[in-house]
Structure formats: structure tokens, C-alpha cells
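Below: one structure, written as C-alpha cells.
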Amino acid sequence: MSSNNYMDDDRFDGLYLNVAQSTRGIEPMLDSVFSFLRRKTDFFAGPSGSEGTGPAVEKVNEVLKKHVDIYEAGLKKKKKEEEARKKKLEAKKKQKAEAERKKKEAEASKKKEEEEEEGVIEMGDDGFDASAAPPAPVPQSPADTQKVNDETTAEKPSAAEAAAKKDEEEDDDGPPPIGNGGSVPGKYTWTQTLSEVTVTVPLPPNTRGRDLNVTFTKKHLSVGLKSQKPNKIVDAAFHKAIICDDSFWTVEDNNHLVINLQKLNQMEWWECVCVGDPMIDVKKVQPENSNLGDLDGETRQTVEKMMFDQRQKAAVLPT
């Protein structure tokens with residue numbers, strides 16, 4: 001991979017997020033990076049060892065300037081897009097206001113015409129005001145009466161529709177999923193944070209790691225007991241991709257398997273672990289505030305923004 005491709009490479013975001021959480025600050029995090037370059041590389045001394053630290057400082061300034069330019073270009077782009085969005089919104093408001101104005105003018109004109117017509121007195125043959133006479137009632141046929149009754153009935157929602165609407169409202173008011181996860185009956189339970197998923201699989205008593213066949217790739221999970229081949233407890237594709245190198249499994253208390261899966265995209269919540277499993281409502285997910293409290297202010301602000309954007313996406317709202 002060429003150096004240009006590393007400017008937008010997000011493969012190491014999980015690693016850097018862990019470093020940021022550990023160092024608890026931008027300056028300590030940068031100290032850690034330059035400490036590594038000073039202790040483990042010839043970055044400051046140069047390949048020949050006699051060039052001094054000048055080239056190192058120039059290289060740092062060069063890379064920093066490059067990313068400052070990228071950042072400022074992004075700000076300009078966002079500002080331009082925001083201005084275009086505001087102009088479009090303003091144009092829509094003007095169109096709506098113009099339409100409302102024309103509608104009000106038409107209503108006022110119609111009302112004025114009606115008032116003028118009401119001011120004209122129609123004289124009958126006997127010399128009295130014929131316009132004051134109440135109009136004779138128009139008899140309705142049985143077909144017209146039935147049509148009115150049908151329209152009135154159609155306006156009322158059926159009992160089934162009302163019950164379905166009530167159930168939907170009750171579902172929206174339900175409690176959040178436990179551990180921000182769920183369960184697959186007969187297979188496993190699972191919980192999640194913004195960065196990882198923990199799957200717990202119950203096992204027969206006295207089960208050891210060598211009794212299991214556990215394999216996972218970026219997009220697939222397989223769990224089975226060697227004594228029950230070829231049957232498997234889990235054999236399905238992941239709902240979302242994972243980072244294999246940062247994921248692991250272990251047997252606890254000799255009766256359950258715990259699989260820690262590192263999410264590839266650490267800016268979204270999972271609806272389920274494997275394709276075809278029961279799905280949770282991610283709009284009800286509640287992140288653990290205690291974990292956010294462990295971060296410094298700047299890192300916490302970044303993580304909270306990621307969580308807000310995820311909730312907005314789930315609710316089909318702008319981020």
C-alpha cells in the first residue's frame with residue numbers, strides 16, 4: 001500500500017482508540033508515538049546517524065501540514081454544502097410562503113364576493129324579499145342515504161387497526177435490550193458495546209477448550225463440540241464484519257464459552273450477531289455512561305458524537 005492510501009485508512013482506528021483511552025489525552029498519546037520512534041527507530045538520527053534532528057522535525061511538520069490542509073478542505077466542503085442546503089431550504093420556505101399568500105388572497109376574494117352577493121335583495125312577485133326564504137329540503141333517495149352511511153363507517157378505524165396501532169405504541173415504549181444485546185434460544189446470549197460484541201454459549205459441565213471447535217473469520221462464526229460432529233451449535237454468517245486479530249474466545253467455569261468479537265465498524269450498534277437471528281431495536285440501545293466517564297474530554301466528545309450519529313441513522317434522521 002502506498003503512503004498516500006494511509007491518509008484515510010481506518011483499519012487501525014480500533015487500536016488508536018484503545019491507545020487514546022489508555023493515555024487519556026492527545027499530548028500523552030503523541031508522546032507515546034514519538035517515544036516509540038525515538039526508542040525503536042532511527043527517525044530522529046536519520047539513516048546515517050549524522051544528519052541531526054532537523055530532517056525529523058521537517059518531516060513531522062510536512063505530515064502535519066498535509067493533514068491540516070485535508071482538514072481545512074473538509075471544513076470548506078462542509079461549509080459549502082451547508083450553505084447550499086440552507087439556500088435550498090430558504091427557497092422552499094419562500095415557495096411555501098408565496099403559496100400561502102396566494103391561498104389567503106383567493107379565500108379573501110371569494111369571501112368578499114359572497115358578502116356582496118348576500119347584500120343583494122331578491123324581490124318576489126308579491127313585493128317581499130324572496131332571498132330570505134329558506135331553501136326547500138332536498139329529499140334523499142335510499143341509495144344516497146346508504147352512501148352517506150358507508151362514508152361515515154369508512155372514516156372510523158376498524159377494531160383490528162386500532163389494536164395494531166396500540167400494540168405498535170406499546171412496543172415503542174418497551175424497555176431497552178439487556179446489555180444492549182439479546183439471545184438466541186437454545187444457542188447463546190449476547191451483549192455489546194460500541195466497539196465489541198460478547199457472545200456467551202452454554203456448554204455441558206466439565207467442558208474444556210480442547211473439546212471445542214471454534215473458528216471465526218471476518219464474516220462467519222462456527223462453534224461446535226468435537227464429540228458431536230458434524231452437528232454444530234452455531235454455524236452462520238455474521239450480521240456485520242469483525243476484526244479477527246483482535247477477537248478471541250475462552251471457556252469459563254467449564255460450562256460456558258465466551259467469545260469477544262471486535263467490531264470492524266465501531267460507529268454502529270448491531271441488531272443481531274448472526275444473519276437470521278432475532279433482531280433488537282437499536283433505537284433503544286443505552287450506552288454505558290461509566291465507560292464514557294473513563295475517557296478524557298476530547299475523546300469522550302468524539303465517542304459521544306459517534307453514538308449520536310448512530311442513533312440518528314437508526315431513526316432515519318440527519319447526522
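We label chains A, B, ... in the order they appear in the C-alpha cells, count residues from 1 in each chain, and number ligands from 1 in the order shown.
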
So which bits of stretch 1-99 of chain A end up helix (DSSP H, G or I) when you DSSP the backbone, as a ChimeraX atom specification?
/A:3-8,13-23,26-40,54-99

Give me the residues near A:Phe248 as an NGL selection string, where near means some atom within 7 Å (using only C-alpha atoms) and where sequence neighbours in that chain fewer than 6 positions away do not count.
:A and (259-261)

Selection: 9 Å around A:Lys232, only C-alpha atoms, excl. self and same-chain fewer than 6 positions, as a PyMOL selection string
chain A and resi 213+222-225

Okay, now the selection with N, CA, C and O atoms, as a short mmCIF file (atom, residue, chain, number, x, y, z; two decimals), in the first residue's frame?
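As a result, again29.cif now contains:
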data_model
loop_
_atom_site.label_atom_id
_atom_site.label_comp_id
_atom_site.auth_asym_id
_atom_site.auth_seq_id
_atom_site.Cartn_x
_atom_site.Cartn_y
_atom_site.Cartn_z
N ASN A 213 -14.55 -26.97 18.87
CA ASN A 213 -14.11 -26.47 17.56
C ASN A 213 -14.70 -25.08 17.39
O ASN A 213 -15.89 -24.93 17.11
N SER A 222 -18.34 -20.23 13.61
CA SER A 222 -18.64 -21.66 13.73
C SER A 222 -18.24 -22.14 15.12
O SER A 222 -17.10 -21.94 15.56
N VAL A 223 -19.18 -22.75 15.84
CA VAL A 223 -18.93 -23.28 17.18
C VAL A 223 -19.55 -24.68 17.27
O VAL A 223 -20.72 -24.87 16.90
N GLY A 224 -18.76 -25.63 17.75
CA GLY A 224 -19.27 -26.99 17.89
C GLY A 224 -18.45 -27.80 18.87
O GLY A 224 -17.29 -27.46 19.18
N LEU A 225 -19.05 -28.87 19.40
CA LEU A 225 -18.34 -29.81 20.26
C LEU A 225 -17.75 -30.93 19.41
O LEU A 225 -18.43 -31.47 18.52
#

Quick one: residues within 12 Å of A:Pro318, only C-alpha atoms counted, chain neighbours fewer than 5 positions away excluded, as a PDB file with N, CA and C atoms, in the first residue's frame?
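Saved to result35.pdb:
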ATOM      1  N   PHE A 308     -24.254   9.449  18.902  1.00  0.00           N
ATOM      2  CA  PHE A 308     -25.388  10.269  18.457  1.00  0.00           C
ATOM      3  C   PHE A 308     -25.684  10.038  16.984  1.00  0.00           C
ATOM      4  N   ASP A 309     -24.623  10.014  16.163  1.00  0.00           N
ATOM      5  CA  ASP A 309     -24.823   9.779  14.731  1.00  0.00           C
ATOM      6  C   ASP A 309     -25.477   8.428  14.487  1.00  0.00           C
ATOM      7  N   GLN A 310     -25.102   7.407  15.292  1.00  0.00           N
ATOM      8  CA  GLN A 310     -25.682   6.068  15.104  1.00  0.00           C
ATOM      9  C   GLN A 310     -27.164   6.067  15.417  1.00  0.00           C
ATOM     10  N   ARG A 311     -27.531   6.766  16.511  1.00  0.00           N
ATOM     11  CA  ARG A 311     -28.958   6.838  16.849  1.00  0.00           C
ATOM     12  C   ARG A 311     -29.739   7.604  15.797  1.00  0.00           C
ATOM     13  N   GLN A 312     -29.139   8.685  15.238  1.00  0.00           N
ATOM     14  CA  GLN A 312     -29.815   9.443  14.188  1.00  0.00           C
ATOM     15  C   GLN A 312     -30.024   8.586  12.945  1.00  0.00           C
ATOM     16  N   LYS A 313     -29.012   7.778  12.579  1.00  0.00           N
ATOM     17  CA  LYS A 313     -29.141   6.896  11.407  1.00  0.00           C
ATOM     18  C   LYS A 313     -30.252   5.880  11.639  1.00  0.00           C
TER      19      LYS A 313
END

With only C-alpha atoms as the atoms that count, which of A:Asn255, A:Asn5, A:Thr319, A:Gln301 lies nearest to A:Gly209?
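Using only C-alpha atoms, A:Gly209 sits closest to A:Asn255.
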
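Nearest-residue note for A:Thr217: choosing from A:Glu115, A:Glu62, A:Asp235, A:Asp253, the minimum distance belongs to A:Asp235, counting only C-alpha atoms.
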
Tell me which of A:Glu100, A:Ala241, A:Met7, A:Ser22 sits closest to A:Leu264, counting only C-alpha atoms.
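So, comparing all the options, the nearest one is A:Ala241.
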
DSSP on the backbone: what in stretch 217-310 of chain A comes out strand (DSSP E or B), as a PyMOL selection string?
chain A and resi 220-225+234-238+242-252+256-263+274

Would you mind exporting the chosen residues as a CSV table (one decimal), in the first residue's frame, restricted to N, CA, C and O atoms?
chain,number,residue,atom,x,y,z
A,220,HIS,N,-17.8,-14.9,9.3
A,220,HIS,CA,-18.5,-16.2,9.6
A,220,HIS,C,-18.1,-16.7,11.0
A,220,HIS,O,-16.9,-16.5,11.4
A,221,LEU,N,-19.0,-17.3,11.7
A,221,LEU,CA,-18.8,-17.9,13.0
A,221,LEU,C,-19.2,-19.4,13.0
A,221,LEU,O,-20.3,-19.7,12.5
A,222,SER,N,-18.3,-20.2,13.6
A,222,SER,CA,-18.6,-21.7,13.7
A,222,SER,C,-18.2,-22.1,15.1
A,222,SER,O,-17.1,-21.9,15.6
A,223,VAL,N,-19.2,-22.8,15.8
A,223,VAL,CA,-18.9,-23.3,17.2
A,223,VAL,C,-19.5,-24.7,17.3
A,223,VAL,O,-20.7,-24.9,16.9
A,224,GLY,N,-18.8,-25.6,17.7
A,224,GLY,CA,-19.3,-27.0,17.9
A,224,GLY,C,-18.4,-27.8,18.9
A,224,GLY,O,-17.3,-27.5,19.2
A,225,LEU,N,-19.0,-28.9,19.4
A,225,LEU,CA,-18.3,-29.8,20.3
A,225,LEU,C,-17.8,-30.9,19.4
A,225,LEU,O,-18.4,-31.5,18.5
A,234,VAL,N,-23.4,-23.3,16.6
A,234,VAL,CA,-23.5,-22.1,15.7
A,234,VAL,C,-22.8,-22.3,14.4
A,234,VAL,O,-21.6,-22.8,14.5
A,235,ASP,N,-23.4,-22.0,13.3
A,235,ASP,CA,-22.7,-22.1,12.0
A,235,ASP,C,-23.4,-21.1,11.1
A,235,ASP,O,-24.3,-21.5,10.3
A,236,ALA,N,-23.0,-19.9,11.1
A,236,ALA,CA,-23.7,-18.8,10.4
A,236,ALA,C,-22.8,-17.6,10.1
A,236,ALA,O,-21.8,-17.5,10.7
A,237,ALA,N,-23.3,-16.8,9.1
A,237,ALA,CA,-22.6,-15.6,8.8
A,237,ALA,C,-22.8,-14.5,9.8
A,237,ALA,O,-23.9,-14.4,10.3
A,238,PHE,N,-21.8,-13.7,10.1
A,238,PHE,CA,-22.0,-12.6,10.9
A,238,PHE,C,-22.9,-11.5,10.3
A,238,PHE,O,-22.9,-11.3,9.1
A,242,ILE,N,-16.1,-8.4,11.5
A,242,ILE,CA,-15.3,-8.2,12.7
A,242,ILE,C,-13.9,-8.1,12.3
A,242,ILE,O,-13.4,-8.3,11.2
A,243,ILE,N,-13.1,-7.7,13.4
A,243,ILE,CA,-11.6,-7.7,13.2
A,243,ILE,C,-11.1,-9.0,13.9
A,243,ILE,O,-11.1,-9.2,15.1
A,244,CYS,N,-10.6,-10.0,13.1
A,244,CYS,CA,-10.3,-11.3,13.6
A,244,CYS,C,-9.1,-11.2,14.5
A,244,CYS,O,-9.1,-11.9,15.6
A,245,ASP,N,-8.1,-10.4,14.2
A,245,ASP,CA,-6.9,-10.4,15.0
A,245,ASP,C,-7.1,-9.9,16.4
A,245,ASP,O,-6.4,-10.2,17.4
A,246,ASP,N,-8.2,-9.1,16.6
A,246,ASP,CA,-8.5,-8.5,17.9
A,246,ASP,C,-9.6,-9.3,18.6
A,246,ASP,O,-10.0,-8.9,19.7
A,247,SER,N,-10.0,-10.4,18.1
A,247,SER,CA,-11.1,-11.2,18.6
A,247,SER,C,-10.5,-12.5,19.2
A,247,SER,O,-9.5,-13.0,18.7
A,248,PHE,N,-11.2,-13.0,20.3
A,248,PHE,CA,-10.7,-14.2,20.9
A,248,PHE,C,-11.8,-14.9,21.7
A,248,PHE,O,-12.9,-14.4,21.8
A,249,TRP,N,-11.6,-16.1,22.1
A,249,TRP,CA,-12.6,-16.9,22.9
A,249,TRP,C,-11.9,-17.6,24.0
A,249,TRP,O,-10.7,-17.9,24.0
A,250,THR,N,-12.7,-18.0,25.1
A,250,THR,CA,-12.2,-18.7,26.2
A,250,THR,C,-13.4,-19.5,26.9
A,250,THR,O,-14.5,-19.1,26.7
A,251,VAL,N,-13.0,-20.5,27.6
A,251,VAL,CA,-14.0,-21.3,28.3
A,251,VAL,C,-13.9,-20.9,29.8
A,251,VAL,O,-12.9,-20.9,30.4
A,252,GLU,N,-15.1,-20.5,30.4
A,252,GLU,CA,-15.1,-20.1,31.8
A,252,GLU,C,-16.0,-21.0,32.6
A,252,GLU,O,-17.1,-21.5,32.1
A,256,HIS,N,-19.3,-22.7,30.1
A,256,HIS,CA,-19.8,-21.8,29.1
A,256,HIS,C,-18.6,-21.2,28.3
A,256,HIS,O,-17.6,-21.0,28.9
A,257,LEU,N,-18.9,-21.0,27.1
A,257,LEU,CA,-17.9,-20.4,26.2
A,257,LEU,C,-18.2,-18.9,26.0
A,257,LEU,O,-19.3,-18.5,25.8
A,258,VAL,N,-17.1,-18.1,26.1
A,258,VAL,CA,-17.3,-16.6,26.0
A,258,VAL,C,-16.4,-16.2,24.8
A,258,VAL,O,-15.2,-16.4,24.7
A,259,ILE,N,-17.1,-15.6,23.8
A,259,ILE,CA,-16.4,-15.1,22.6
A,259,ILE,C,-16.4,-13.6,22.5
A,259,ILE,O,-17.5,-13.0,22.6
A,260,ASN,N,-15.3,-13.0,22.5
A,260,ASN,CA,-15.2,-11.5,22.4
A,260,ASN,C,-14.9,-11.1,20.9
A,260,ASN,O,-13.8,-11.5,20.4
A,261,LEU,N,-15.8,-10.4,20.3
A,261,LEU,CA,-15.6,-10.1,18.9
A,261,LEU,C,-15.4,-8.5,18.8
A,261,LEU,O,-16.2,-7.8,19.3
A,262,GLN,N,-14.4,-8.2,18.1
A,262,GLN,CA,-14.1,-6.7,17.9
A,262,GLN,C,-14.7,-6.3,16.6
A,262,GLN,O,-14.5,-6.8,15.6
A,263,LYS,N,-15.6,-5.3,16.7
A,263,LYS,CA,-16.3,-4.8,15.5
A,263,LYS,C,-15.3,-4.1,14.5
A,263,LYS,O,-14.4,-3.4,14.9
A,274,CYS,N,-25.6,-13.0,14.3
A,274,CYS,CA,-25.6,-13.7,13.0
A,274,CYS,C,-26.8,-13.5,12.2
A,274,CYS,O,-27.9,-13.2,12.7

Which polymer residues have any atom within 9 Å of an atom of A:Phe43, counting only C-alpha atoms, with same-chain residues fewer than 3 positions away left out, as an NGL selection string?
:A and (37-38 or 40 or 46-47 or 53 or 55-56)

Applying 8 Å and only C-alpha atoms, which residues near stretch 180-197 of chain A remain after dropping the ones on its own chain fewer than 6 positions away? List them as a ChimeraX atom specification.
/A:14,233-234,260-263,265-273,277-280,285-288,307

Restricting to only C-alpha atoms, whichever of A:Val275, A:Lys284, A:Asn254, A:Lys76 is closest to A:Asn206 is A:Asn254
